[in-house]
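Student: One file: target-v4.tsv (TSV, C-alpha atoms).
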chain	number	residue	atom	x	y	z
A	1	MET	CA	31.13	-26.45	-132.18
A	2	THR	CA	30.36	-27.40	-128.55
A	3	SER	CA	29.72	-23.75	-127.71
A	4	VAL	CA	26.73	-23.81	-130.10
A	5	SER	CA	24.88	-26.25	-127.82
A	6	ILE	CA	25.33	-23.92	-124.84
A	7	ARG	CA	24.06	-21.03	-126.91
A	8	SER	CA	20.91	-22.88	-127.87
A	9	ARG	CA	20.14	-23.42	-124.18
A	10	THR	CA	20.28	-19.73	-123.37
A	11	SER	CA	18.14	-18.87	-126.39
A	12	SER	CA	15.38	-21.20	-125.17
A	13	LEU	CA	15.39	-19.31	-121.89
A	14	ARG	CA	15.00	-16.06	-123.78
A	15	PHE	CA	11.56	-17.16	-124.99
A	16	LYS	CA	10.23	-16.98	-121.45
A	17	ILE	CA	8.53	-13.75	-120.56
A	18	CYS	CA	10.67	-12.00	-118.01
A	19	CYS	CA	7.84	-11.68	-115.48
A	20	SER	CA	6.73	-15.33	-115.55
A	21	ALA	CA	7.98	-17.58	-112.79
A	22	LYS	CA	10.17	-20.68	-112.93
A	23	LYS	CA	8.52	-24.07	-112.91
A	24	GLU	CA	10.07	-25.11	-109.57
A	25	THR	CA	8.60	-22.04	-107.92
A	26	VAL	CA	5.16	-22.80	-109.34
A	27	ASP	CA	5.44	-26.42	-108.19
A	28	LYS	CA	6.51	-25.42	-104.72
A	29	VAL	CA	3.59	-22.99	-104.50
A	30	CYS	CA	1.20	-25.72	-105.68
A	31	ASN	CA	2.44	-28.07	-102.97
A	32	ILE	CA	2.03	-25.48	-100.25
A	33	VAL	CA	-1.48	-24.63	-101.45
A	34	LYS	CA	-2.42	-28.32	-101.55
A	35	GLU	CA	-1.15	-28.80	-98.02
A	36	GLN	CA	-2.82	-25.70	-96.65
A	37	LEU	CA	-6.22	-26.44	-98.19
A	38	ALA	CA	-5.88	-30.17	-97.41
A	39	LEU	CA	-6.84	-31.05	-100.97
A	40	PRO	CA	-7.11	-34.75	-101.86
A	41	ASP	CA	-4.14	-36.13	-103.75
A	42	GLY	CA	-5.75	-36.31	-107.15
A	43	THR	CA	-6.65	-32.64	-107.37
A	44	ALA	CA	-5.17	-30.94	-110.39
A	45	ILE	CA	-3.43	-27.71	-109.56
A	46	THR	CA	-1.89	-25.73	-112.35
A	47	ALA	CA	-0.39	-22.29	-112.54
A	48	GLU	CA	-3.73	-20.90	-113.65
A	49	SER	CA	-5.71	-22.35	-110.75
A	50	LYS	CA	-7.51	-19.68	-108.81
A	51	PHE	CA	-7.45	-19.99	-105.04
A	52	ALA	CA	-11.18	-19.30	-104.90
A	53	GLU	CA	-11.86	-22.17	-107.30
A	54	LEU	CA	-9.84	-24.53	-105.12
A	55	GLY	CA	-12.14	-23.71	-102.24
A	56	ALA	CA	-10.03	-21.15	-100.42
A	57	ASP	CA	-11.69	-18.20	-98.73
A	58	SER	CA	-9.87	-15.00	-97.86
A	59	LEU	CA	-8.65	-16.42	-94.54
A	60	ASP	CA	-7.15	-19.40	-96.36
A	61	THR	CA	-5.46	-17.04	-98.77
A	62	VAL	CA	-3.84	-15.13	-95.91
A	63	GLU	CA	-2.61	-18.39	-94.43
A	64	ILE	CA	-1.28	-19.54	-97.79
A	65	VAL	CA	0.61	-16.27	-98.25
A	66	MET	CA	2.08	-16.71	-94.76
A	67	GLY	CA	3.15	-20.24	-95.64
A	68	LEU	CA	4.77	-18.98	-98.81
A	69	GLU	CA	6.58	-16.24	-96.88
A	70	GLU	CA	8.06	-18.85	-94.60
A	71	ALA	CA	8.96	-21.31	-97.33
A	72	PHE	CA	10.75	-18.74	-99.48
A	73	GLY	CA	12.05	-16.47	-96.73
A	74	ILE	CA	10.40	-13.34	-98.09
A	75	THR	CA	8.00	-10.77	-96.70
A	76	VAL	CA	4.90	-9.92	-98.67
A	77	ASP	CA	3.26	-6.59	-97.93
A	78	GLU	CA	-0.49	-6.14	-97.56
A	79	THR	CA	-1.22	-4.49	-100.89
A	80	SER	CA	0.69	-7.08	-102.92
A	81	ALA	CA	-0.96	-9.89	-100.98
A	82	GLN	CA	-4.42	-8.63	-101.90
A	83	ASP	CA	-3.67	-8.94	-105.60
A	84	ILE	CA	-2.84	-12.64	-105.44
A	85	ALA	CA	-5.65	-14.58	-107.08
A	86	THR	CA	-3.98	-17.49	-108.86
A	87	VAL	CA	-0.97	-19.75	-108.32
A	88	GLN	CA	0.81	-17.92	-111.11
A	89	ASP	CA	0.33	-14.55	-109.39
A	90	ALA	CA	1.86	-15.93	-106.21
A	91	ALA	CA	4.82	-17.49	-108.04
A	92	ASN	CA	5.54	-14.27	-109.96
A	93	LEU	CA	5.43	-12.19	-106.81
A	94	ILE	CA	7.70	-14.66	-105.00
A	95	GLU	CA	10.27	-14.56	-107.80
A	96	LYS	CA	10.21	-10.77	-107.79
A	97	LEU	CA	10.72	-10.59	-104.02
A	98	VAL	CA	13.47	-13.21	-104.04
A	99	LEU	CA	15.30	-11.24	-106.73
A	100	GLU	CA	14.90	-8.00	-104.80
A	101	LYS	CA	16.16	-9.67	-101.66
A	102	ALA	CA	19.20	-11.10	-103.39
A	103	SER	CA	20.20	-7.80	-104.98
B	1	MET	CA	-17.42	3.87	-72.41
B	2	ALA	CA	-15.80	4.06	-75.81
B	3	ALA	CA	-17.88	5.20	-78.75
B	4	ALA	CA	-19.57	2.32	-80.56
B	5	ALA	CA	-17.02	1.14	-83.07
B	6	ALA	CA	-18.15	0.46	-86.61
B	7	ALA	CA	-17.87	-3.06	-87.89
B	8	PRO	CA	-14.42	-3.76	-89.30
B	9	THR	CA	-14.03	-3.80	-93.05
B	10	ARG	CA	-12.88	-6.98	-94.75
B	11	ALA	CA	-9.43	-5.51	-95.24
B	12	GLU	CA	-9.15	-4.60	-91.55
B	13	ALA	CA	-10.14	-8.06	-90.45
B	14	LEU	CA	-7.66	-9.70	-92.81
B	15	SER	CA	-4.98	-7.27	-91.67
B	16	LEU	CA	-5.60	-8.25	-88.05
B	17	PHE	CA	-5.39	-11.91	-89.01
B	18	ARG	CA	-2.13	-11.31	-90.83
B	19	SER	CA	-0.69	-9.46	-87.83
B	20	LEU	CA	-1.64	-12.31	-85.53
B	21	LEU	CA	0.02	-14.85	-87.81
B	22	ARG	CA	3.15	-12.71	-88.09
B	23	THR	CA	3.34	-12.36	-84.32
B	24	ALA	CA	2.92	-16.11	-84.02
B	25	LYS	CA	5.98	-16.59	-86.21
B	26	GLN	CA	8.12	-14.75	-83.66
B	27	PHE	CA	7.76	-17.41	-80.99
B	28	SER	CA	10.67	-19.77	-80.88
B	29	ASP	CA	8.66	-22.35	-78.93
B	30	TYR	CA	6.92	-24.70	-81.37
B	31	ASN	CA	3.89	-25.28	-79.13
B	32	ILE	CA	3.08	-21.64	-78.55
B	33	ARG	CA	3.63	-20.77	-82.18
B	34	GLU	CA	1.33	-23.49	-83.43
B	35	TYR	CA	-1.30	-22.72	-80.80
B	36	THR	CA	-1.36	-19.02	-81.66
B	37	ARG	CA	-1.77	-19.83	-85.34
B	38	ARG	CA	-4.42	-22.44	-84.76
B	39	ARG	CA	-6.41	-20.34	-82.31
B	40	ALA	CA	-6.31	-17.29	-84.57
B	41	ALA	CA	-7.48	-19.31	-87.58
B	42	ASP	CA	-10.22	-21.03	-85.57
B	43	ALA	CA	-11.50	-17.82	-84.03
B	44	PHE	CA	-11.61	-15.97	-87.34
B	45	ARG	CA	-13.30	-18.87	-89.06
B	46	GLU	CA	-15.86	-19.18	-86.30
B	47	ASN	CA	-16.72	-15.50	-86.49
B	48	ARG	CA	-16.70	-15.14	-90.24
B	49	ALA	CA	-20.47	-15.13	-90.58
B	50	LEU	CA	-21.24	-12.55	-87.91
B	51	ALA	CA	-24.04	-10.55	-89.43
B	52	ASP	CA	-24.68	-7.64	-87.11
B	53	ALA	CA	-22.24	-4.78	-86.76
B	54	PRO	CA	-21.93	-4.61	-82.93
B	55	ALA	CA	-21.06	-8.31	-82.66
B	56	ALA	CA	-18.50	-8.00	-85.43
B	57	ALA	CA	-17.02	-4.88	-83.83
B	58	ALA	CA	-16.81	-6.66	-80.47
B	59	ALA	CA	-15.07	-9.65	-82.01
B	60	PHE	CA	-12.64	-7.34	-83.80
B	61	ALA	CA	-11.86	-5.49	-80.56
B	62	GLU	CA	-11.31	-8.82	-78.82
B	63	GLY	CA	-8.96	-9.86	-81.60
B	64	LYS	CA	-6.98	-6.66	-81.22
B	65	LYS	CA	-6.65	-7.23	-77.50
B	66	GLN	CA	-5.36	-10.73	-78.12
B	67	LEU	CA	-2.88	-9.35	-80.62
B	68	GLU	CA	-1.48	-7.09	-77.90
B	69	VAL	CA	-1.24	-10.05	-75.54
B	70	ALA	CA	0.56	-12.12	-78.16
B	71	LYS	CA	3.02	-9.31	-78.91
B	72	ARG	CA	3.87	-8.90	-75.23
B	73	GLN	CA	4.29	-12.62	-74.78
B	74	ALA	CA	6.54	-12.84	-77.81
B	75	VAL	CA	8.89	-10.39	-76.13
B	76	VAL	CA	8.75	-12.21	-72.80
B	77	TYR	CA	9.29	-15.64	-74.31
B	78	SER	CA	12.21	-14.45	-76.35
B	79	LEU	CA	13.97	-13.66	-73.07
B	80	TYR	CA	13.59	-17.25	-71.92
B	81	ALA	CA	13.89	-19.16	-75.18
B	82	PRO	CA	14.43	-22.89	-74.67
B	83	LYS	CA	17.72	-24.18	-75.95
B	84	SER	CA	16.48	-27.44	-77.42
B	85	LYS	CA	14.00	-27.68	-80.24
B	86	SER	CA	10.72	-29.53	-79.90
B	87	VAL	CA	10.65	-33.03	-81.40
B	88	MET	CA	8.00	-31.84	-83.87
B	89	GLU	CA	10.52	-29.51	-85.43
B	90	LEU	CA	13.17	-32.11	-86.08
B	91	LYS	CA	13.38	-32.97	-89.74
B	92	VAL	CA	12.35	-36.52	-90.61
B	93	GLN	CA	15.57	-38.48	-91.05
Take the structure in the file and write it out as structure tokens.

Tutor:
Amino acid sequence: MTSVSIRSRTSSLRFKICCSAKKETVDKVCNIVKEQLALPDGTAITAESKFAELGADSLDTVEIVMGLEEAFGITVDETSAQDIATVQDAANLIEKLVLEKAS
Amino acid sequence: MAAAAAAPTRAEALSLFRSLLRTAKQFSDYNIREYTRRRAADAFRENRALADAPAAAAAFAEGKKQLEVAKRQAVVYSLYAPKSKSVMELKVQ
């Protein structure tokens, strides 16, 4: 009977779309973005926040991507970096690269 | 002397910025690394609104020259890397 509880945990994970990122990744990205853009503490950043809406211009975006590269130990190539528009995009790309690196 | 270069496209300018930041990462010395990053960001931000093509092209060429300088210095500094880390890099206990 105890094995049933373990099974229910894995089934809740199955509901996640395979390309969407983990919450810790999204949170880490949010923190780095907040730090880079020097946003006041009360600012709400969610996974759907667009960098442009938060007041980042293209230079800020490059710096944010660099910060993410350093924090997660990955290398983002130019073309992928251009597609990043929201926090969710960044988190998904990070997860993908971390997986590729680990394999 | 050289033919008048066209103004850099947005992608080219961002690519140069990215290269400068990547080169900055290679320095093991905290001070130089931070300076390179800061100076690159400041210079790009200062020149972001350059309207006319020759001025933008000149700034881009200057940036490329500085990138070469930074790359050379990264190699040189790596030969003489300091053994101890700067106090700014120590994690807060």

Student: With distances taken over only C-alpha atoms, which residue among A:Glu69, A:Glu53, A:Glu48, A:Glu24 lies nearest chain B?

Tutor: A:Glu69

Student: Please determine the residues with any atom at most 7 Å from (8.7, -22.3, -74.1) (coordinates as given in the file, with all atoms listed in the file counting) and report them as JSON, numbers by chain.

Tutor: {"B": [29, 77, 81, 82]}

Student: One decimal, Å: what's the distance from CA of Lys71 in chain B over to CA of Ala24 in chain B, could you say?

Tutor: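 Pair CA of Lys71 in chain B / CA of Ala24 in chain B returns 8.5 Å.
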
Student: Pull the closest atom pair for each residue of chain B that gets at most 8 Å from chain A, along with the distance in Å to one decimal, counting all atoms listed in the file, ordering rows by chain and then ascending residue number, as CSV.

Tutor:
residue,atom,partner,partner_atom,distance
B:Leu14,CA,A:Leu59,CA,7.0
B:Ser15,CA,A:Glu78,CA,7.5
B:Phe17,CA,A:Val62,CA,7.8
B:Arg18,CA,A:Val62,CA,6.6
B:Leu21,CA,A:Met66,CA,7.5
B:Arg22,CA,A:Met66,CA,7.9
B:Ala41,CA,A:Leu59,CA,7.6
B:Phe44,CA,A:Leu59,CA,7.8
B:Arg45,CA,A:Leu59,CA,7.6

Student: Figure out the distance between CA of Thr25 in chain A and CA of Val87 in chain B, please, to one decimal in Å.

Tutor: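 A separation of 28.8 Å between them.
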
Student: Give me, please, the distance in Å between CA of Cys30 in chain A and CA of Thr75 in chain A, quoted to one decimal.

Tutor: 18.7 Å

Student: What's the 9 Å shell around Phe27 in chain B, counting only C-alpha atoms, without same-chain residues fewer than 3 positions away, as a list in words?

Tutor: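 The contact residues come out as Thr23, Ala24, Tyr30, Asn31, Ile32, Arg33, Gln73, Ala74, Val75, Tyr77, Ser78 and Ala81 of chain B.
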
Student: Can you list, as a list in words, every protein, DNA or RNA residue that comes within 10 Å of Ala47 in chain A when you count all atoms listed in the file, leaving out same-chain residues fewer than 5 positions away?

Tutor: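 Selected residues are Ala21, Lys23, Val26, Asp27, Val29, Cys30, Thr86, Val87, Gln88, Asp89, Ala90 and Ala91 of chain A.
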
Student: Tell me which of A:Val98, A:Val33, A:Lys22, A:Ile74 sits closest to Ala52 in chain A, counting all atoms listed in the file.

Tutor: A:Val33

Student: Just save range 54-70 of chain A with all heavy atoms, as a short mmCIF file (atom, residue, chain, number, x, y, z; two decimals), in the first residue's frame.

Tutor:
data_model
loop_
_atom_site.label_atom_id
_atom_site.label_comp_id
_atom_site.auth_asym_id
_atom_site.auth_seq_id
_atom_site.Cartn_x
_atom_site.Cartn_y
_atom_site.Cartn_z
N LEU A 54 9.63 44.64 -18.20
CA LEU A 54 10.31 44.95 -16.94
C LEU A 54 11.28 46.11 -17.12
O LEU A 54 11.95 46.50 -16.16
CB LEU A 54 11.06 43.72 -16.44
CG LEU A 54 10.17 42.53 -16.09
CD1 LEU A 54 11.03 41.29 -15.91
CD2 LEU A 54 9.41 42.80 -14.82
N GLY A 55 11.38 46.63 -18.32
CA GLY A 55 12.24 47.77 -18.55
C GLY A 55 13.62 47.42 -19.06
O GLY A 55 14.54 48.22 -18.97
N ALA A 56 13.77 46.22 -19.59
CA ALA A 56 15.08 45.82 -20.11
C ALA A 56 15.17 46.12 -21.59
O ALA A 56 14.26 45.82 -22.35
CB ALA A 56 15.29 44.33 -19.87
N ASP A 57 16.28 46.74 -22.00
CA ASP A 57 16.49 46.89 -23.44
C ASP A 57 17.36 45.73 -23.91
O ASP A 57 17.68 44.84 -23.15
CB ASP A 57 17.13 48.25 -23.75
CG ASP A 57 18.48 48.41 -23.09
OD1 ASP A 57 18.91 47.49 -22.36
OD2 ASP A 57 19.12 49.45 -23.29
N SER A 58 17.74 45.74 -25.19
CA SER A 58 18.45 44.58 -25.72
C SER A 58 19.79 44.38 -25.03
O SER A 58 20.25 43.25 -24.86
CB SER A 58 18.63 44.72 -27.23
OG SER A 58 19.18 45.97 -27.55
N LEU A 59 20.44 45.48 -24.61
CA LEU A 59 21.73 45.34 -23.92
C LEU A 59 21.52 44.62 -22.59
O LEU A 59 22.29 43.75 -22.19
CB LEU A 59 22.36 46.71 -23.67
CG LEU A 59 22.82 47.47 -24.89
CD1 LEU A 59 23.36 48.83 -24.48
CD2 LEU A 59 23.91 46.71 -25.63
N ASP A 60 20.43 45.03 -21.88
CA ASP A 60 20.14 44.36 -20.61
C ASP A 60 19.89 42.89 -20.83
O ASP A 60 20.31 42.04 -20.03
CB ASP A 60 18.88 44.98 -19.98
CG ASP A 60 19.15 46.35 -19.39
OD1 ASP A 60 20.20 46.49 -18.75
OD2 ASP A 60 18.32 47.24 -19.58
N THR A 61 19.20 42.56 -21.92
CA THR A 61 18.90 41.16 -22.18
C THR A 61 20.17 40.36 -22.38
O THR A 61 20.31 39.25 -21.87
CB THR A 61 18.00 41.03 -23.42
OG1 THR A 61 16.93 41.94 -23.31
CG2 THR A 61 17.45 39.63 -23.56
N VAL A 62 21.14 40.96 -23.12
CA VAL A 62 22.41 40.26 -23.31
C VAL A 62 23.08 40.02 -21.97
O VAL A 62 23.59 38.93 -21.68
CB VAL A 62 23.34 41.06 -24.25
CG1 VAL A 62 24.70 40.42 -24.35
CG2 VAL A 62 22.72 41.18 -25.62
N GLU A 63 23.07 41.06 -21.12
CA GLU A 63 23.70 40.91 -19.82
C GLU A 63 23.00 39.87 -18.97
O GLU A 63 23.64 39.09 -18.25
CB GLU A 63 23.70 42.26 -19.08
CG GLU A 63 24.76 43.20 -19.58
CD GLU A 63 24.85 44.47 -18.75
OE1 GLU A 63 24.90 44.36 -17.52
OE2 GLU A 63 24.86 45.55 -19.34
N ILE A 64 21.68 39.83 -19.05
CA ILE A 64 20.93 38.84 -18.28
C ILE A 64 21.28 37.44 -18.75
O ILE A 64 21.52 36.54 -17.93
CB ILE A 64 19.40 39.08 -18.42
CG1 ILE A 64 19.00 40.35 -17.68
CG2 ILE A 64 18.62 37.89 -17.87
CD1 ILE A 64 17.57 40.75 -17.91
N VAL A 65 21.36 37.26 -20.06
CA VAL A 65 21.70 35.93 -20.60
C VAL A 65 23.10 35.53 -20.14
O VAL A 65 23.33 34.37 -19.78
CB VAL A 65 21.59 35.92 -22.14
CG1 VAL A 65 22.13 34.63 -22.71
CG2 VAL A 65 20.15 36.11 -22.57
N MET A 66 24.02 36.50 -20.10
CA MET A 66 25.37 36.20 -19.61
C MET A 66 25.33 35.77 -18.16
O MET A 66 26.00 34.82 -17.75
CB MET A 66 26.25 37.45 -19.72
CG MET A 66 26.75 37.72 -21.09
SD MET A 66 28.06 36.59 -21.50
CE MET A 66 27.54 36.15 -23.12
N GLY A 67 24.53 36.50 -17.35
CA GLY A 67 24.40 36.15 -15.94
C GLY A 67 23.83 34.76 -15.77
O GLY A 67 24.27 33.98 -14.91
N LEU A 68 22.86 34.41 -16.61
CA LEU A 68 22.27 33.08 -16.53
C LEU A 68 23.28 32.02 -16.92
O LEU A 68 23.35 30.95 -16.32
CB LEU A 68 21.05 33.00 -17.45
CG LEU A 68 19.86 33.88 -17.04
CD1 LEU A 68 18.77 33.82 -18.09
CD2 LEU A 68 19.32 33.44 -15.72
N GLU A 69 24.09 32.34 -17.95
CA GLU A 69 25.12 31.37 -18.37
C GLU A 69 26.04 31.04 -17.21
O GLU A 69 26.41 29.89 -16.99
CB GLU A 69 25.96 31.97 -19.49
CG GLU A 69 25.36 31.86 -20.85
CD GLU A 69 26.34 32.25 -21.94
OE1 GLU A 69 27.55 32.32 -21.67
OE2 GLU A 69 25.88 32.49 -23.06
N GLU A 70 26.42 32.12 -16.47
CA GLU A 70 27.35 31.91 -15.37
C GLU A 70 26.70 31.15 -14.24
O GLU A 70 27.30 30.25 -13.65
CB GLU A 70 27.79 33.28 -14.85
CG GLU A 70 29.22 33.54 -15.07
CD GLU A 70 29.57 34.94 -14.71
OE1 GLU A 70 29.84 35.17 -13.53
OE2 GLU A 70 29.53 35.79 -15.60
#
